[in-house]
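*Asks:* Pasting in a structure now, in structure tokens, and then I'll have a few things to ask.
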Amino acid sequence: MDIAPFALERWFAEVEHDADIMLAESGIRSLPADRFDTDPGALDYVIPTNGDPELRDELAGRYDRTADEVLCTCGTQEANFLAFIALMDRDAHAVCVTPTYQSLHELPRSFGSVTTVDLTPPRWTLDVDAVADAIEPHTRLIVLNNPNNPTGRYHAEETVQALYDLAADADAYLLCDEVYRQLTADPLPPVASMGPHGLSTTSLTKAYGLAGVRFGWLVGDQEVVERAWQWKDYTTISPSLFGQHVARQALGRREQAILRENRELVRDHHDRVADWVAAHGLSWHDPVGVNGFVTVPKGFRDGEVFCRAVVDEASVVLAPGNAFGFPGYFRIGFGLPTAELTEGLSRLDEFLGAGR
């Protein structure tokens with residue numbers, strides 16, 4: 001099995017360690033551990049290894065599913081990986097909407113074959129007919145990230161329903177990575193609630209500010225979830241006990257306060273970055289979530305050249321659009337702490353004003 005290098009992660013590995021400000025982070029700023037009870041007791045495996053039955057039952061209710069249709073995982077990345085390996089083989093095909101987080105198309109490609117369907121800039125609209133045309137006799141998955149990373153596009157409910165219908169007609173599944181869904185004030189219904197052909201993945205990372213607990217879940221058809229659980233026996237065996245302990249709290253009485261606080265921060269930071277984008281004559285599609293995909297300033301060949309100059313001269317990390325297959329853009333993240341965002345934008349102002 002071959003897999004392409006993860007371009008964005010290799011970029012971060014190269015530049016993030018020595019830079020002062022990380023302005024490409026794709027999640028909300030992390031909450032301090034002292035907001036939670038951090039003593040789960042004996043540090044054992046989670047038993048059963050697919051997650052605590054009561055927690056799975058609570059999660060299932062959010063999707064109109066049963067506890068047996070929920071698998072708790074170590075973050076969204078593992079949830080996606082397990083879904084792909086449960087459904088894909090060398091004869092299987094997937095249709096993936098891009099640009100998106102690289103693993104959402106590279107993982108299924110490593111197991112089978114993939115056709116990508118690009119969103120159309122500048123509004124990053126999705127041509128549902130193009131997805132329909134890409135479906136093959138052996139298509140097992142249509143893959144969507146909604147709200148989208150890196151563009152911030154939030155596809156409308158009727159668009160998602162159209163994709164679901166295509167998957168159902170092909171006897172395939174629509175897998176939607178919904179990790180940013182709770183950052184919008186009025187979230188769409190999750191894909192797993194749409195019917196038997198819907199699969200949802202998410203975690204406590206991007207919307208809740210709890211990346212370090214490494215806790216996520218896959219929801220959908222029981223047969224798919226059970227196959228994914230069989231593969232999980234060969235990966236992490238069980239989710240994190242500590243992560244599950246914090247998850248119970250974050251998804252319990254604390255949830256609304258956490259989401260309200262995080263959504264308020266996102267609204268404020270979004271407006272700050274929108275003003276910055278306009279002030280420099282750049283453009284983006286007004287994003288939902290904490291990522292904006294911004295046009296590269298004039299005078300730079302592409303996103304990588306621009307982002308490398310920024311990190312070298314301003315010690316600020318941005319994400320080049322090259323890593324997403326769109327070199328004319330760069331990704332900026334605005335979920336970080338306010339003081340860091342303010343300093344990062346100030347350094348970018350100085351960089352872009354230095355005779356450029």
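Note on naming: chains are A, B, ... as they come in the structure tokens, residues start from 1 per chain, ligands start from 1 in the order shown.
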Show me a table, sorted first by chain and then by increasing residue number, of the residues of segment 143-164 of chain A having an atom at most 12 Å from segment 70-89 of chain A, each with its shortest atom pair and the distance in Å to one decimal, counting only C-alpha atoms and written as CSV.
*Replies:*
```
residue,atom,partner,partner_atom,distance
A:Val143,CA,A:Phe84,CA,9.9
A:Leu144,CA,A:Asn80,CA,11.2
A:Asn145,CA,A:Asn80,CA,11.0
```
*Asks:* Take the residues from that selection and write them out as a PDB file, in the first residue's frame, keeping N, CA, C and O atoms.
*Replies:*
```pdb
ATOM      1  N   VAL A 143     -17.333  11.344  -0.458  1.00  0.00           N
ATOM      2  CA  VAL A 143     -16.688  11.915   0.718  1.00  0.00           C
ATOM      3  C   VAL A 143     -16.789  13.430   0.683  1.00  0.00           C
ATOM      4  O   VAL A 143     -16.394  14.079  -0.292  1.00  0.00           O
ATOM      5  N   LEU A 144     -17.304  13.991   1.769  1.00  0.00           N
ATOM      6  CA  LEU A 144     -17.522  15.430   1.900  1.00  0.00           C
ATOM      7  C   LEU A 144     -16.998  15.895   3.245  1.00  0.00           C
ATOM      8  O   LEU A 144     -17.030  15.145   4.226  1.00  0.00           O
ATOM      9  N   ASN A 145     -16.530  17.138   3.295  1.00  0.00           N
ATOM     10  CA  ASN A 145     -16.139  17.804   4.545  1.00  0.00           C
ATOM     11  C   ASN A 145     -16.991  19.064   4.632  1.00  0.00           C
ATOM     12  O   ASN A 145     -16.898  19.934   3.769  1.00  0.00           O
TER      13      ASN A 145
END
```
*Asks:* Report as JSON lines the residues of segment 34-66 of chain A within 9 Å of segment 216-238 of chain A, each with its shortest atom pair and distance in Å (one decimal), using only C-alpha atoms, ordered by chain and increasing residue number.
*Replies:*
```
{"residue": "A:Tyr45", "atom": "CA", "partner": "A:Ser238", "partner_atom": "CA", "distance": 6.3}
{"residue": "A:Val46", "atom": "CA", "partner": "A:Ser238", "partner_atom": "CA", "distance": 5.8}
{"residue": "A:Ile47", "atom": "CA", "partner": "A:Ser238", "partner_atom": "CA", "distance": 7.8}
{"residue": "A:Pro48", "atom": "CA", "partner": "A:Ser238", "partner_atom": "CA", "distance": 7.9}
{"residue": "A:Thr49", "atom": "CA", "partner": "A:Ser238", "partner_atom": "CA", "distance": 4.4}
{"residue": "A:Asn50", "atom": "CA", "partner": "A:Ser238", "partner_atom": "CA", "distance": 6.3}
{"residue": "A:Gly51", "atom": "CA", "partner": "A:Ser238", "partner_atom": "CA", "distance": 7.3}
{"residue": "A:Arg56", "atom": "CA", "partner": "A:Trp217", "partner_atom": "CA", "distance": 8.9}
{"residue": "A:Leu59", "atom": "CA", "partner": "A:Val219", "partner_atom": "CA", "distance": 8.7}
{"residue": "A:Ala60", "atom": "CA", "partner": "A:Val219", "partner_atom": "CA", "distance": 7.4}
{"residue": "A:Tyr63", "atom": "CA", "partner": "A:Val219", "partner_atom": "CA", "distance": 7.8}
{"residue": "A:Arg65", "atom": "CA", "partner": "A:Gly220", "partner_atom": "CA", "distance": 7.6}
{"residue": "A:Thr66", "atom": "CA", "partner": "A:Gln222", "partner_atom": "CA", "distance": 8.7}
```
*Asks:* Which residues are near segment 259-265 of chain A? Cut-off 6 Å, only C-alpha atoms, ignore same chain within fewer than 3 positions. Put them as a VMD selection string.
*Replies:* chain A and resid 183 256 268
*Asks:* Residues of segment 29-117 of chain A in alpha helix (DSSP H) according to DSSP, as a VMD selection string?
*Replies:* chain A and resid 53 to 61 75 to 87 103 to 111
*Asks:* Please produce a file of the residues just selected, as a PDB file, in the first residue's frame, where the atoms kept are C-alpha atoms.
*Replies:*
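That gives us result-v4.pdb:
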```
ATOM      1  CA  PRO A  53     -22.189   2.122  26.211  1.00  0.00           C
ATOM      2  CA  GLU A  54     -23.917   4.999  28.006  1.00  0.00           C
ATOM      3  CA  LEU A  55     -21.802   7.587  26.181  1.00  0.00           C
ATOM      4  CA  ARG A  56     -22.363   5.845  22.833  1.00  0.00           C
ATOM      5  CA  ASP A  57     -26.074   5.821  23.525  1.00  0.00           C
ATOM      6  CA  GLU A  58     -26.003   9.560  24.276  1.00  0.00           C
ATOM      7  CA  LEU A  59     -24.047  10.238  21.088  1.00  0.00           C
ATOM      8  CA  ALA A  60     -26.355   8.001  19.070  1.00  0.00           C
ATOM      9  CA  GLY A  61     -29.366  10.061  20.135  1.00  0.00           C
ATOM     10  CA  GLY A  75     -10.014  11.760  17.053  1.00  0.00           C
ATOM     11  CA  THR A  76     -11.684  12.318  13.688  1.00  0.00           C
ATOM     12  CA  GLN A  77      -8.597  11.165  11.821  1.00  0.00           C
ATOM     13  CA  GLU A  78      -8.957   7.641  13.182  1.00  0.00           C
ATOM     14  CA  ALA A  79     -12.725   7.678  12.624  1.00  0.00           C
ATOM     15  CA  ASN A  80     -12.148   8.513   8.955  1.00  0.00           C
ATOM     16  CA  PHE A  81      -9.339   5.981   8.597  1.00  0.00           C
ATOM     17  CA  LEU A  82     -11.446   3.182  10.058  1.00  0.00           C
ATOM     18  CA  ALA A  83     -14.423   4.031   7.847  1.00  0.00           C
ATOM     19  CA  PHE A  84     -12.234   4.010   4.743  1.00  0.00           C
ATOM     20  CA  ILE A  85     -10.490   0.750   5.537  1.00  0.00           C
ATOM     21  CA  ALA A  86     -13.824  -0.855   6.429  1.00  0.00           C
ATOM     22  CA  LEU A  87     -15.350   0.052   3.056  1.00  0.00           C
ATOM     23  CA  SER A 103      -6.400  12.363   4.271  1.00  0.00           C
ATOM     24  CA  LEU A 104     -10.005  12.495   3.036  1.00  0.00           C
ATOM     25  CA  HIS A 105      -8.857  11.661  -0.485  1.00  0.00           C
ATOM     26  CA  GLU A 106      -5.426  10.096   0.000  1.00  0.00           C
ATOM     27  CA  LEU A 107      -6.568   7.410   2.424  1.00  0.00           C
ATOM     28  CA  PRO A 108      -9.315   6.003   0.191  1.00  0.00           C
ATOM     29  CA  ARG A 109      -6.915   6.266  -2.772  1.00  0.00           C
ATOM     30  CA  SER A 110      -4.371   4.169  -0.882  1.00  0.00           C
ATOM     31  CA  PHE A 111      -6.955   1.383  -0.465  1.00  0.00           C
TER      32      PHE A 111
END
```
*Asks:* Restricting the calculation to only C-alpha atoms: of A:Leu119, A:Ala132, A:Ala323, A:Ala250, which residue gets closest to Arg35 of chain A?
*Replies:*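 With only C-alpha atoms as the atom set, the closest residue is A:Ala250.
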